[in-house]
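Novice: This one is coords-v7.txt, compact mmCIF, C-alpha atoms and all ligand atoms.
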```txt
# COMPACT_ATOMS: atom_id res chain seq x y z
CA MET A 5 -21.72 19.94 -89.43
CA SER A 6 -23.46 16.54 -89.12
CA ASP A 7 -22.33 13.83 -91.49
CA ALA A 8 -25.68 13.94 -93.29
CA ALA A 9 -25.36 17.69 -93.81
CA ARG A 10 -21.79 17.30 -95.05
CA LEU A 11 -22.79 14.61 -97.54
CA ASN A 12 -25.76 16.63 -98.73
CA ALA A 13 -23.47 19.61 -99.34
CA LEU A 14 -21.10 17.43 -101.38
CA ASP A 15 -24.00 16.00 -103.37
CA GLN A 16 -25.33 19.50 -104.11
CA GLU A 17 -21.89 20.61 -105.18
CA PHE A 18 -20.63 17.72 -107.30
CA ALA A 19 -23.30 15.21 -108.27
CA TRP A 20 -25.69 15.30 -111.23
CA HIS A 21 -28.62 12.91 -110.86
CA PRO A 22 -30.35 10.95 -113.65
CA PHE A 23 -33.81 12.04 -114.81
CA THR A 24 -33.62 14.83 -112.23
CA GLN A 25 -34.10 18.56 -112.63
CA GLN A 26 -31.18 19.68 -110.53
CA GLN A 27 -32.70 23.09 -109.96
CA GLY A 28 -35.54 21.60 -107.92
CA TRP A 29 -33.18 19.06 -106.40
CA SER A 30 -30.98 21.67 -104.79
CA GLU A 31 -34.06 23.29 -103.21
CA GLU A 32 -34.98 20.13 -101.35
CA GLU A 33 -33.16 18.12 -98.73
CA PRO A 34 -31.84 15.07 -100.62
CA LEU A 35 -32.45 11.69 -99.06
CA MET A 36 -29.22 9.74 -98.49
CA ILE A 37 -29.76 5.99 -98.33
CA GLU A 38 -27.12 4.22 -96.30
CA ARG A 39 -28.26 0.64 -95.89
CA GLY A 40 -31.00 -1.85 -96.61
CA GLU A 41 -32.63 -4.82 -94.94
CA GLY A 42 -35.32 -6.87 -96.65
CA VAL A 43 -37.90 -4.51 -98.16
CA TYR A 44 -36.62 -1.59 -96.07
CA LEU A 45 -34.06 1.09 -96.81
CA PHE A 46 -32.52 3.30 -94.12
CA ASP A 47 -31.19 6.83 -94.55
CA VAL A 48 -28.07 8.24 -92.91
CA ASP A 49 -30.21 9.51 -90.01
CA GLY A 50 -31.56 5.99 -89.39
CA ASN A 51 -35.08 6.62 -90.75
CA ARG A 52 -36.70 3.53 -92.25
CA TYR A 53 -38.61 3.39 -95.55
CA ILE A 54 -40.36 0.62 -97.47
CA ASP A 55 -38.68 0.32 -100.88
CA GLY A 56 -41.92 0.79 -102.86
CA THR A 57 -40.33 0.64 -106.30
CA SER A 58 -37.59 -1.97 -105.71
CA SER A 59 -34.81 0.61 -106.11
CA LEU A 60 -35.89 1.38 -109.64
CA TRP A 61 -37.66 -1.90 -110.44
CA CYS A 62 -34.61 -4.08 -109.71
CA ASN A 63 -34.77 -5.60 -106.25
CA VAL A 64 -36.38 -9.04 -106.05
CA HIS A 65 -35.67 -10.90 -102.79
CA GLY A 66 -34.96 -7.90 -100.57
CA HIS A 67 -31.86 -5.92 -99.65
CA HIS A 68 -28.85 -7.26 -97.76
CA HIS A 69 -29.91 -10.81 -98.53
CA PRO A 70 -27.49 -13.24 -96.86
CA GLU A 71 -27.36 -15.64 -99.78
CA LEU A 72 -26.78 -12.95 -102.41
CA ASP A 73 -24.19 -11.27 -100.19
CA ARG A 74 -22.42 -14.59 -99.74
CA ALA A 75 -22.36 -15.23 -103.49
CA ALA A 76 -20.75 -11.84 -104.15
CA ARG A 77 -18.17 -12.32 -101.38
CA ALA A 78 -17.28 -15.84 -102.50
CA GLN A 79 -16.63 -14.59 -106.02
CA LEU A 80 -14.52 -11.71 -104.69
CA ASP A 81 -12.31 -14.31 -103.03
CA LYS A 82 -11.63 -15.70 -106.51
CA VAL A 83 -11.55 -12.83 -109.03
CA ALA A 84 -13.62 -9.63 -109.35
CA HIS A 85 -13.35 -9.25 -113.10
CA SER A 86 -11.98 -11.04 -116.12
CA THR A 87 -13.20 -10.62 -119.69
CA MET A 88 -15.67 -12.42 -121.96
CA LEU A 89 -13.79 -11.20 -125.07
CA GLY A 90 -11.72 -14.21 -126.02
CA LEU A 91 -12.00 -15.80 -122.55
CA SER A 92 -14.79 -17.33 -120.51
CA HIS A 93 -15.45 -18.01 -116.84
CA PRO A 94 -17.53 -20.52 -114.87
CA GLY A 95 -20.21 -18.10 -113.66
CA ALA A 96 -21.14 -16.71 -117.06
CA THR A 97 -21.18 -20.22 -118.52
CA GLU A 98 -23.40 -21.69 -115.79
CA LEU A 99 -25.68 -18.69 -115.87
CA ALA A 100 -26.16 -18.90 -119.65
CA ALA A 101 -27.30 -22.51 -119.29
CA ARG A 102 -29.60 -21.63 -116.37
CA LEU A 103 -31.18 -18.71 -118.24
CA ILE A 104 -31.89 -20.91 -121.25
CA GLU A 105 -33.43 -23.50 -118.93
CA ILE A 106 -36.02 -21.01 -117.61
CA ALA A 107 -36.51 -19.01 -120.83
CA PRO A 108 -39.28 -19.80 -123.32
CA ALA A 109 -38.52 -22.68 -125.69
CA GLY A 110 -36.62 -21.67 -128.80
CA LEU A 111 -34.19 -19.31 -127.09
CA ARG A 112 -30.77 -20.96 -127.12
CA ARG A 113 -28.00 -18.33 -126.89
CA VAL A 114 -27.09 -15.74 -124.27
CA PHE A 115 -25.18 -12.55 -125.05
CA TYR A 116 -24.28 -10.51 -121.96
CA SER A 117 -24.01 -6.79 -121.37
CA ASP A 118 -24.52 -4.45 -118.41
CA SER A 119 -27.80 -2.54 -118.68
CA GLY A 120 -31.27 -2.75 -120.10
CA SER A 121 -30.37 -0.15 -122.70
CA THR A 122 -27.51 -2.23 -124.02
CA ALA A 123 -29.62 -5.42 -123.92
CA ALA A 124 -32.05 -3.65 -126.28
CA GLU A 125 -29.32 -2.12 -128.48
CA ILE A 126 -27.76 -5.56 -128.90
CA ALA A 127 -31.07 -7.07 -130.00
CA LEU A 128 -31.54 -4.25 -132.54
CA LYS A 129 -28.05 -4.65 -133.97
CA MET A 130 -28.32 -8.44 -134.08
CA ALA A 131 -31.71 -8.30 -135.82
CA PHE A 132 -30.39 -5.85 -138.38
CA GLN A 133 -27.20 -7.80 -139.06
CA TYR A 134 -29.10 -11.09 -139.19
CA HIS A 135 -31.16 -9.95 -142.18
CA GLN A 136 -28.14 -8.34 -143.86
CA GLN A 137 -26.15 -11.55 -143.58
CA ARG A 138 -28.98 -13.63 -144.93
CA GLY A 139 -29.08 -11.43 -148.02
CA ASP A 140 -32.35 -9.77 -147.00
CA SER A 141 -30.69 -6.36 -147.15
CA ALA A 142 -33.93 -4.37 -147.57
CA ARG A 143 -35.01 -5.25 -144.03
CA THR A 144 -33.55 -2.20 -142.32
CA ARG A 145 -36.50 -0.73 -140.41
CA PHE A 146 -37.85 -1.25 -136.92
CA VAL A 147 -41.39 -1.09 -135.61
CA ARG A 148 -41.79 0.16 -132.04
CA LEU A 149 -44.81 0.98 -129.93
CA ARG A 150 -45.97 4.46 -129.06
CA GLU A 151 -44.98 5.36 -125.45
CA ALA A 152 -42.29 2.64 -125.59
CA TYR A 153 -39.22 2.78 -123.39
CA HIS A 154 -36.14 0.69 -124.08
CA GLY A 155 -33.39 2.72 -122.42
CA ASP A 156 -31.40 5.91 -122.81
CA THR A 157 -28.64 5.21 -125.30
CA ILE A 158 -29.10 6.56 -128.83
CA GLY A 159 -30.21 3.25 -130.35
CA SER A 160 -32.62 2.44 -127.56
CA VAL A 161 -33.96 6.01 -127.62
CA SER A 162 -34.55 5.62 -131.37
CA VAL A 163 -37.09 2.91 -130.62
CA GLY A 164 -38.50 4.85 -127.68
CA GLY A 165 -41.77 6.70 -127.86
CA ILE A 166 -41.95 8.98 -124.82
CA ASP A 167 -41.78 12.51 -126.21
CA LEU A 168 -40.76 14.17 -122.94
CA PHE A 169 -37.65 12.00 -122.78
CA HIS A 170 -36.96 11.41 -126.45
CA ALA A 171 -38.13 14.31 -128.67
CA THR A 172 -35.01 16.47 -128.09
CA TYR A 173 -32.80 13.81 -129.65
CA ARG A 174 -34.92 13.14 -132.79
CA PRO A 175 -32.28 14.60 -135.17
CA LEU A 176 -29.77 12.07 -133.84
CA LEU A 177 -32.04 9.04 -134.04
CA PHE A 178 -32.81 6.52 -136.77
CA GLU A 179 -36.36 6.59 -138.06
CA THR A 180 -38.83 3.99 -136.89
CA LEU A 181 -42.42 2.97 -137.58
CA ALA A 182 -44.70 3.66 -134.61
CA ALA A 183 -47.45 1.18 -133.79
CA GLU A 184 -50.42 1.89 -131.55
CA PRO A 185 -50.01 -0.14 -128.33
CA GLY A 186 -52.54 -2.94 -128.00
CA ASP A 187 -53.87 -2.55 -131.55
CA ALA A 188 -53.03 -5.67 -133.58
CA ASP A 189 -54.85 -4.31 -136.66
CA HIS A 190 -52.56 -1.30 -136.72
CA MET A 191 -49.54 -3.60 -136.44
CA GLU A 192 -50.87 -5.61 -139.39
CA GLN A 193 -51.33 -2.43 -141.45
CA LEU A 194 -47.77 -1.27 -140.73
CA LEU A 195 -46.19 -4.62 -141.55
CA SER A 196 -48.24 -4.93 -144.76
CA ALA A 197 -47.51 -1.37 -145.87
CA HIS A 198 -43.80 -2.00 -145.32
CA GLU A 199 -43.63 -5.58 -146.57
CA GLY A 200 -40.02 -6.75 -146.80
CA GLU A 201 -38.61 -3.59 -145.16
CA VAL A 202 -38.95 -4.42 -141.47
CA ALA A 203 -36.13 -6.14 -139.58
CA ALA A 204 -37.92 -6.47 -136.25
CA VAL A 205 -40.72 -5.36 -133.99
CA ILE A 206 -39.52 -4.32 -130.53
CA MET A 207 -41.93 -4.20 -127.63
CA GLU A 208 -42.32 -4.48 -123.88
CA PRO A 209 -44.67 -7.46 -123.52
CA LEU A 210 -47.94 -7.02 -121.52
CA VAL A 211 -46.92 -3.87 -119.65
CA GLN A 212 -45.20 -0.74 -120.96
CA GLY A 213 -43.57 0.33 -117.73
CA ALA A 214 -41.93 3.72 -118.17
CA GLY A 215 -44.73 4.80 -120.50
CA GLY A 216 -46.93 4.89 -117.40
CA MET A 217 -47.83 1.25 -116.77
CA ILE A 218 -49.78 0.84 -119.98
CA ILE A 219 -51.40 -2.62 -119.96
CA HIS A 220 -52.00 -4.38 -123.27
CA PRO A 221 -55.23 -6.28 -123.90
CA ASP A 222 -55.05 -10.07 -123.62
CA GLY A 223 -54.01 -11.68 -126.88
CA TYR A 224 -52.12 -8.69 -128.26
CA LEU A 225 -48.67 -10.19 -127.74
CA ARG A 226 -49.77 -13.47 -129.30
CA ALA A 227 -51.20 -11.57 -132.28
CA VAL A 228 -47.97 -9.59 -132.76
CA ARG A 229 -45.97 -12.84 -132.69
CA GLU A 230 -48.20 -14.32 -135.39
CA LEU A 231 -47.99 -11.17 -137.51
CA CYS A 232 -44.20 -11.15 -137.24
CA ASP A 233 -44.10 -14.77 -138.39
CA ALA A 234 -46.45 -14.06 -141.30
CA HIS A 235 -44.32 -11.11 -142.46
CA GLY A 236 -40.83 -12.59 -141.91
CA VAL A 237 -40.12 -10.09 -139.14
CA LEU A 238 -38.18 -10.83 -135.94
CA LEU A 239 -39.78 -10.13 -132.56
CA ILE A 240 -37.76 -8.48 -129.78
CA CYS A 241 -39.39 -8.67 -126.35
CA ASP A 242 -37.85 -6.29 -123.87
CA GLU A 243 -38.48 -7.86 -120.45
CA VAL A 244 -36.04 -5.62 -118.64
CA ALA A 245 -38.93 -4.44 -116.43
CA THR A 246 -41.41 -7.33 -116.71
CA GLY A 247 -38.89 -10.19 -116.36
CA PHE A 248 -38.11 -12.16 -113.19
CA GLY A 249 -41.60 -12.48 -111.86
CA ARG A 250 -42.95 -8.94 -111.95
CA THR A 251 -46.10 -9.75 -113.88
CA GLY A 252 -46.81 -12.95 -111.92
CA THR A 253 -44.96 -15.38 -114.21
CA MET A 254 -41.19 -15.66 -114.54
CA PHE A 255 -41.40 -13.89 -117.89
CA ALA A 256 -44.39 -11.95 -119.20
CA VAL A 257 -44.27 -13.72 -122.59
CA GLU A 258 -45.23 -16.98 -120.85
CA ARG A 259 -48.70 -15.54 -120.28
CA GLU A 260 -49.47 -15.82 -123.97
CA GLY A 261 -47.29 -18.81 -124.80
CA VAL A 262 -45.05 -16.61 -126.92
CA SER A 263 -41.41 -17.25 -127.66
CA PRO A 264 -39.72 -14.15 -129.06
CA ASP A 265 -36.64 -14.14 -131.30
CA PHE A 266 -34.90 -11.94 -128.75
CA LEU A 267 -35.53 -11.64 -125.02
CA CYS A 268 -33.88 -8.65 -123.29
CA LEU A 269 -33.19 -9.06 -119.58
CA ALA A 270 -31.57 -6.78 -117.00
CA LYS A 271 -33.00 -5.11 -113.84
CA GLY A 272 -34.04 -8.20 -111.81
CA ILE A 273 -31.41 -10.56 -113.22
CA THR A 274 -29.07 -10.10 -110.23
CA GLY A 275 -31.94 -9.69 -107.77
CA GLY A 276 -31.26 -5.95 -108.00
CA TYR A 277 -27.69 -6.21 -106.76
CA LEU A 278 -25.33 -5.48 -109.63
CA PRO A 279 -25.44 -4.27 -113.21
CA LEU A 280 -25.85 -7.21 -115.57
CA ALA A 281 -27.96 -7.75 -118.68
CA ALA A 282 -28.54 -10.51 -121.19
CA THR A 283 -29.94 -10.66 -124.69
CA LEU A 284 -31.22 -14.15 -125.42
CA THR A 285 -31.77 -15.31 -128.98
CA THR A 286 -32.45 -18.35 -131.12
CA GLU A 287 -30.07 -20.75 -132.78
CA ALA A 288 -31.33 -19.52 -136.18
CA VAL A 289 -30.17 -15.98 -135.42
CA TYR A 290 -26.90 -17.24 -133.99
CA GLU A 291 -26.16 -19.34 -137.07
CA ALA A 292 -26.50 -16.34 -139.38
CA PHE A 293 -23.38 -14.95 -137.69
CA LEU A 294 -21.20 -18.00 -138.29
CA GLY A 295 -18.46 -17.95 -140.92
CA ALA A 296 -14.71 -17.78 -141.38
CA PRO A 297 -13.18 -14.81 -139.51
CA ALA A 298 -12.29 -13.12 -142.80
CA GLU A 299 -15.96 -13.09 -143.82
CA ALA A 300 -16.60 -10.52 -141.05
CA ARG A 301 -19.93 -12.02 -140.05
CA THR A 302 -18.88 -11.61 -136.42
CA PHE A 303 -21.10 -9.66 -134.03
CA PHE A 304 -18.77 -6.74 -133.39
CA HIS A 305 -20.12 -5.61 -130.07
CA GLY A 306 -18.97 -6.02 -126.47
CA HIS A 307 -18.79 -3.89 -123.37
CA THR A 308 -15.75 -4.00 -121.14
CA TYR A 309 -17.56 -5.37 -118.08
CA THR A 310 -19.80 -7.72 -120.07
CA GLY A 311 -20.65 -10.84 -118.06
CA ASN A 312 -18.80 -9.62 -114.97
CA PRO A 313 -18.03 -12.59 -112.68
CA VAL A 314 -19.36 -11.03 -109.46
CA ALA A 315 -22.60 -10.05 -111.20
CA CYS A 316 -22.95 -13.55 -112.69
CA ALA A 317 -22.32 -15.18 -109.29
CA VAL A 318 -25.09 -13.09 -107.74
CA ALA A 319 -27.40 -13.79 -110.71
CA LEU A 320 -26.93 -17.54 -110.16
CA ALA A 321 -27.76 -17.17 -106.46
CA ASN A 322 -30.80 -15.09 -107.45
CA LEU A 323 -32.06 -17.97 -109.61
CA ASP A 324 -31.35 -20.45 -106.81
CA ILE A 325 -33.59 -18.44 -104.49
CA PHE A 326 -36.35 -18.26 -107.13
CA ALA A 327 -36.24 -22.04 -107.48
CA ARG A 328 -35.98 -22.94 -103.82
CA GLU A 329 -38.47 -20.42 -102.44
CA ARG A 330 -40.86 -20.77 -105.36
CA THR A 331 -40.93 -16.99 -105.46
CA VAL A 332 -43.15 -16.71 -108.53
CA GLU A 333 -45.72 -19.28 -107.39
CA ARG A 334 -45.97 -17.59 -104.01
CA LEU A 335 -46.85 -14.25 -105.56
CA ALA A 336 -50.50 -15.15 -106.14
CA PRO A 337 -51.89 -14.02 -102.74
CA LYS A 338 -49.83 -10.82 -102.88
CA ILE A 339 -51.24 -10.03 -106.31
CA GLU A 340 -54.76 -10.67 -104.98
CA LEU A 341 -54.10 -8.29 -102.11
CA ILE A 342 -52.80 -5.63 -104.50
CA GLU A 343 -55.83 -5.98 -106.75
CA ALA A 344 -58.30 -5.81 -103.86
CA ARG A 345 -56.66 -2.73 -102.37
CA LEU A 346 -56.32 -1.05 -105.76
CA ALA A 347 -60.05 -1.39 -106.27
CA GLU A 348 -60.44 0.73 -103.12
CA ILE A 349 -57.74 3.20 -104.13
CA ALA A 350 -59.56 3.65 -107.45
CA GLU A 351 -62.38 5.24 -105.40
CA VAL A 352 -60.12 7.81 -103.72
CA PRO A 353 -61.10 11.27 -105.00
CA GLY A 354 -58.56 12.45 -107.58
CA VAL A 355 -57.58 8.97 -108.74
CA LYS A 356 -58.45 8.69 -112.42
CA GLU A 357 -57.52 5.07 -113.04
CA VAL A 358 -55.59 2.20 -111.47
CA ARG A 359 -53.67 -0.24 -113.67
CA SER A 360 -51.80 -3.34 -112.62
CA ARG A 361 -50.40 -6.59 -113.81
CA GLY A 362 -48.87 -8.82 -111.15
CA VAL A 363 -46.84 -6.59 -108.85
CA MET A 364 -46.49 -3.78 -111.41
CA VAL A 365 -48.86 -0.99 -110.42
CA GLY A 366 -49.71 2.43 -111.86
CA ILE A 367 -52.12 4.77 -110.08
CA ASP A 368 -53.04 7.46 -112.58
CA LEU A 369 -53.92 10.83 -111.07
CA GLY A 370 -55.00 12.30 -114.41
CA GLU A 371 -53.54 15.30 -116.22
CA HIS A 372 -52.39 18.17 -114.06
CA ASP A 373 -50.36 21.26 -114.80
CA PRO A 374 -46.79 19.83 -114.80
CA GLU A 375 -45.70 22.77 -112.64
CA LEU A 376 -47.83 21.43 -109.82
CA ARG A 377 -45.69 18.26 -109.74
CA VAL A 378 -48.52 16.18 -108.35
CA GLY A 379 -46.63 12.88 -108.65
CA HIS A 380 -43.67 14.41 -106.87
CA ARG A 381 -45.95 15.68 -104.08
CA VAL A 382 -47.08 12.09 -103.56
CA THR A 383 -43.42 11.01 -103.32
CA LEU A 384 -42.72 13.60 -100.64
CA ALA A 385 -45.88 12.73 -98.70
CA ALA A 386 -45.02 9.01 -98.86
CA ARG A 387 -41.50 9.69 -97.66
CA GLU A 388 -42.86 11.43 -94.56
CA ARG A 389 -44.97 8.33 -93.93
CA GLY A 390 -42.12 5.85 -94.38
CA ALA A 391 -42.28 4.68 -98.01
CA LEU A 392 -40.20 5.42 -101.09
CA VAL A 393 -42.15 5.68 -104.32
CA ARG A 394 -41.17 7.29 -107.60
CA PRO A 395 -43.86 8.49 -109.98
CA LEU A 396 -43.87 8.61 -113.77
CA GLY A 397 -45.24 12.12 -114.21
CA ASP A 398 -48.60 11.99 -112.43
CA VAL A 399 -48.79 8.20 -112.42
CA VAL A 400 -47.80 6.84 -109.01
CA VAL A 401 -45.83 3.64 -109.54
CA LEU A 402 -45.64 0.78 -107.07
CA MET A 403 -43.36 -2.15 -107.73
CA PRO A 404 -42.19 -3.58 -104.43
CA PRO A 405 -39.65 -6.40 -104.11
CA LEU A 406 -41.30 -9.78 -104.80
CA SER A 407 -40.29 -10.82 -101.28
CA ILE A 408 -42.56 -8.24 -99.64
CA GLY A 409 -44.77 -9.70 -96.89
CA ALA A 410 -48.53 -9.20 -96.69
CA ALA A 411 -48.26 -6.79 -93.74
CA GLU A 412 -45.59 -4.67 -95.43
CA LEU A 413 -47.55 -4.68 -98.66
CA GLY A 414 -50.67 -3.53 -96.82
CA GLU A 415 -48.66 -0.76 -95.18
CA LEU A 416 -47.23 0.35 -98.52
CA LEU A 417 -50.72 0.52 -100.05
CA ASP A 418 -52.07 2.42 -97.00
CA ILE A 419 -49.25 4.94 -97.16
CA THR A 420 -49.77 5.36 -100.90
CA ALA A 421 -53.49 6.02 -100.54
CA GLU A 422 -52.93 8.51 -97.69
CA SER A 423 -50.15 10.22 -99.62
CA ILE A 424 -52.32 10.66 -102.70
CA THR A 425 -55.03 12.27 -100.59
CA ALA A 426 -52.46 14.50 -98.86
CA ALA A 427 -50.79 15.49 -102.14
CA LEU A 428 -54.09 16.41 -103.78
CA ALA A 429 -55.16 18.36 -100.69
CA SER A 430 -51.91 20.33 -100.90
CA LEU A 431 -52.69 21.67 -104.38
CA PRO A 432 -53.62 25.32 -104.71
CA ALA A 433 -57.43 25.73 -104.72
CA GLY A 434 -59.23 25.29 -108.04
CA GLN A 435 -56.78 22.85 -109.60
CA PRO A 436 -58.91 19.83 -110.53
CA ALA A 437 -57.52 17.15 -112.79
CA THR A 438 -58.63 17.35 -116.41
C1 LIG A 501 -35.39 0.24 -117.34
C2 LIG A 501 -35.68 -0.28 -118.71
C3 LIG A 501 -34.70 -0.29 -119.70
C4 LIG A 501 -33.35 0.34 -119.51
O1 LIG A 501 -32.57 -0.35 -118.60
P1 LIG A 501 -31.25 0.37 -118.02
O2 LIG A 501 -30.60 -0.69 -117.22
O3 LIG A 501 -31.74 1.53 -117.21
O4 LIG A 501 -30.45 0.82 -119.18
C5 LIG A 501 -35.00 -0.87 -120.92
N1 LIG A 501 -36.21 -1.40 -121.15
C6 LIG A 501 -37.18 -1.40 -120.22
C7 LIG A 501 -38.50 -2.02 -120.54
C8 LIG A 501 -36.97 -0.82 -118.98
O5 LIG A 501 -37.94 -0.77 -118.07
```
Give the structure from the file, written as structure tokens.
Specialist:
Amino acid sequence: MSDAARLNALDQEFAWHPFTQQQGWSEEEPLMIERGEGVYLFDVDGNRYIDGTSSLWCNVHGHHHPELDRAARAQLDKVAHSTMLGLSHPGATELAARLIEIAPAGLRRVFYSDSGSTAAEIALKMAFQYHQQRGDSARTRFVRLREAYHGDTIGSVSVGGIDLFHATYRPLLFETLAAEPGDADHMEQLLSAHEGEVAAVIMEPLVQGAGGMIIHPDGYLRAVRELCDAHGVLLICDEVATGFGRTGTMFAVEREGVSPDFLCLAKGITGGYLPLAATLTTEAVYEAFLGAPAEARTFFHGHTYTGNPVACAVALANLDIFARERTVERLAPKIELIEARLAEIAEVPGVKEVRSRGVMVGIDLGEHDPELRVGHRVTLAARERGALVRPLGDVVVLMPPLSIGAAELGELLDITAESITAALASLPAGQPAT
């Protein structure tokens, strides 16, 4: 038995993959990724693929990056893990200062965790406790957007709005108020109808990623910020997907000159290397938690690996590369290329709509019978052609590493267009999109 076959057999027998119907999984040959180099990933048989979705929207400067590797190794020569509960360490301290330096004005405190889900949960709990401790105890509700995605833990699912993922768990979730994405009037109605009851609005600024790359109209974020201020409501911006350059600025909120009360960061924070997350907040929120220990105003929350030293060391190197290579500034021509090519892809028969903001792209193939798995067919066709893409239903998502070169980007877009055509041609006859 070849090593690939042996590993595949072990995977089929023992592993359970996230967001994956295992029944279909075991009918297909799984792809085993063994190594990476720049924007490419290689499987155990040595086949090369462009990482078209940055290994789930995380990778920034490419795989196997010498500087990021060096940062991780150097930290391993010191200590792999200590704790942030009652102790500190140089990496977490430096990184907190660096994050505040690049974050929108007004954000002054950094609370670490390990995933986007926990970054969102922490913001929710802090917002709730903030109002409680200021004596505003009626502010217990949260407004979220329809089709929102903030992670998979129970609290983050409570503020989620994707029925396919979230509806099963409704009985376990706290109730929320659902706002129509992009509709500031609806937000105003909700906040007015629930005056004094709302702790915070939580939203993904500019682009709702997992909801299918839903792009908000210009000015919406700014309007929500102003409405929150007018109604005494805190604003949580979840930039787990949009942060670290994806929309063409370091953070999406910069586009509308908005400073949220909470900024949730994860995915790109370590350049896509290691699990690390941060919830940034203001000094006003922080101060509401101060008091004598016996007053129990403490924020009672903390994950074991919070602020892990190796992850923090890599996150610092990630920021060094951003600064030195001017990664965000140099995105402009890549974004132009994406937009020009997307205009062509929009004309491919079977493409209903293309949506993009920066290097976040959704190519919507319209509504098909879910059993046809049109998005998945595109994934398989792209794989044969040397690119890894992962759809959201029948929306083909592209989100390559920011470091992708023009030639590689062109190749990724070519493969995507060809794969869409191939996938649609593979459908049983008489299955048009509705
Ligand atoms: C991916 C994502 C999350 C969840 O992050 P995890 O690290 O997977 O828990 C939260 N919010 C947004 C906007 C995301 O895209």
Novice: Residues contacting ligand LIG 501 (chain A) - anything with an atom at most 9 Å away, using all atoms listed in the file - can you give me those as an MDAnalysis selection string?
Specialist: chainID A and resid 60:62 118:124 152:157 160 207:209 211:214 241:246 268:271 279:281
Novice: Restricting the output to C-alpha atoms, write the selected residues as a PDB file, in the coordinates of the input.
Specialist:
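Written file, part.pdb:
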```
ATOM      1  CA  LEU A  60     -35.890   1.380-109.640  1.00  0.00           C
ATOM      2  CA  TRP A  61     -37.660  -1.900-110.440  1.00  0.00           C
ATOM      3  CA  CYS A  62     -34.610  -4.080-109.710  1.00  0.00           C
ATOM      4  CA  ASP A 118     -24.520  -4.450-118.410  1.00  0.00           C
ATOM      5  CA  SER A 119     -27.800  -2.540-118.680  1.00  0.00           C
ATOM      6  CA  GLY A 120     -31.270  -2.750-120.100  1.00  0.00           C
ATOM      7  CA  SER A 121     -30.370  -0.150-122.700  1.00  0.00           C
ATOM      8  CA  THR A 122     -27.510  -2.230-124.020  1.00  0.00           C
ATOM      9  CA  ALA A 123     -29.620  -5.420-123.920  1.00  0.00           C
ATOM     10  CA  ALA A 124     -32.050  -3.650-126.280  1.00  0.00           C
ATOM     11  CA  ALA A 152     -42.290   2.640-125.590  1.00  0.00           C
ATOM     12  CA  TYR A 153     -39.220   2.780-123.390  1.00  0.00           C
ATOM     13  CA  HIS A 154     -36.140   0.690-124.080  1.00  0.00           C
ATOM     14  CA  GLY A 155     -33.390   2.720-122.420  1.00  0.00           C
ATOM     15  CA  ASP A 156     -31.400   5.910-122.810  1.00  0.00           C
ATOM     16  CA  THR A 157     -28.640   5.210-125.300  1.00  0.00           C
ATOM     17  CA  SER A 160     -32.620   2.440-127.560  1.00  0.00           C
ATOM     18  CA  MET A 207     -41.930  -4.200-127.630  1.00  0.00           C
ATOM     19  CA  GLU A 208     -42.320  -4.480-123.880  1.00  0.00           C
ATOM     20  CA  PRO A 209     -44.670  -7.460-123.520  1.00  0.00           C
ATOM     21  CA  VAL A 211     -46.920  -3.870-119.650  1.00  0.00           C
ATOM     22  CA  GLN A 212     -45.200  -0.740-120.960  1.00  0.00           C
ATOM     23  CA  GLY A 213     -43.570   0.330-117.730  1.00  0.00           C
ATOM     24  CA  ALA A 214     -41.930   3.720-118.170  1.00  0.00           C
ATOM     25  CA  CYS A 241     -39.390  -8.670-126.350  1.00  0.00           C
ATOM     26  CA  ASP A 242     -37.850  -6.290-123.870  1.00  0.00           C
ATOM     27  CA  GLU A 243     -38.480  -7.860-120.450  1.00  0.00           C
ATOM     28  CA  VAL A 244     -36.040  -5.620-118.640  1.00  0.00           C
ATOM     29  CA  ALA A 245     -38.930  -4.440-116.430  1.00  0.00           C
ATOM     30  CA  THR A 246     -41.410  -7.330-116.710  1.00  0.00           C
ATOM     31  CA  CYS A 268     -33.880  -8.650-123.290  1.00  0.00           C
ATOM     32  CA  LEU A 269     -33.190  -9.060-119.580  1.00  0.00           C
ATOM     33  CA  ALA A 270     -31.570  -6.780-117.000  1.00  0.00           C
ATOM     34  CA  LYS A 271     -33.000  -5.110-113.840  1.00  0.00           C
ATOM     35  CA  PRO A 279     -25.440  -4.270-113.210  1.00  0.00           C
ATOM     36  CA  LEU A 280     -25.850  -7.210-115.570  1.00  0.00           C
ATOM     37  CA  ALA A 281     -27.960  -7.750-118.680  1.00  0.00           C
TER      38      ALA A 281
END
```
Novice: Return the single residue from A:Gly236, A:Thr310, A:Ala188, A:Lys129 that is closest to A:Gly159, with distances computed using only C-alpha atoms.
Specialist: A:Lys129
Novice: Neighbours of A:Asn63 within 7 Å (only C-alpha atoms; same-chain residues fewer than 3 positions away dropped), as a VMD selection string?
Specialist: chain A and resid 58 to 59 66 272 275 to 276 405
Novice: Got time to write the residues from that selection, C-alpha atoms, as a short mmCIF file (atom, residue, chain, number, x, y, z; two decimals), keeping the file's coordinate frame?
Specialist:
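Contents of result.cif, freshly written:
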```cif
data_model
loop_
_atom_site.label_atom_id
_atom_site.label_comp_id
_atom_site.auth_asym_id
_atom_site.auth_seq_id
_atom_site.Cartn_x
_atom_site.Cartn_y
_atom_site.Cartn_z
CA SER A 58 -37.59 -1.97 -105.71
CA SER A 59 -34.81 0.61 -106.11
CA GLY A 66 -34.96 -7.90 -100.57
CA GLY A 272 -34.04 -8.20 -111.81
CA GLY A 275 -31.94 -9.69 -107.77
CA GLY A 276 -31.26 -5.95 -108.00
CA PRO A 405 -39.65 -6.40 -104.11
#
```
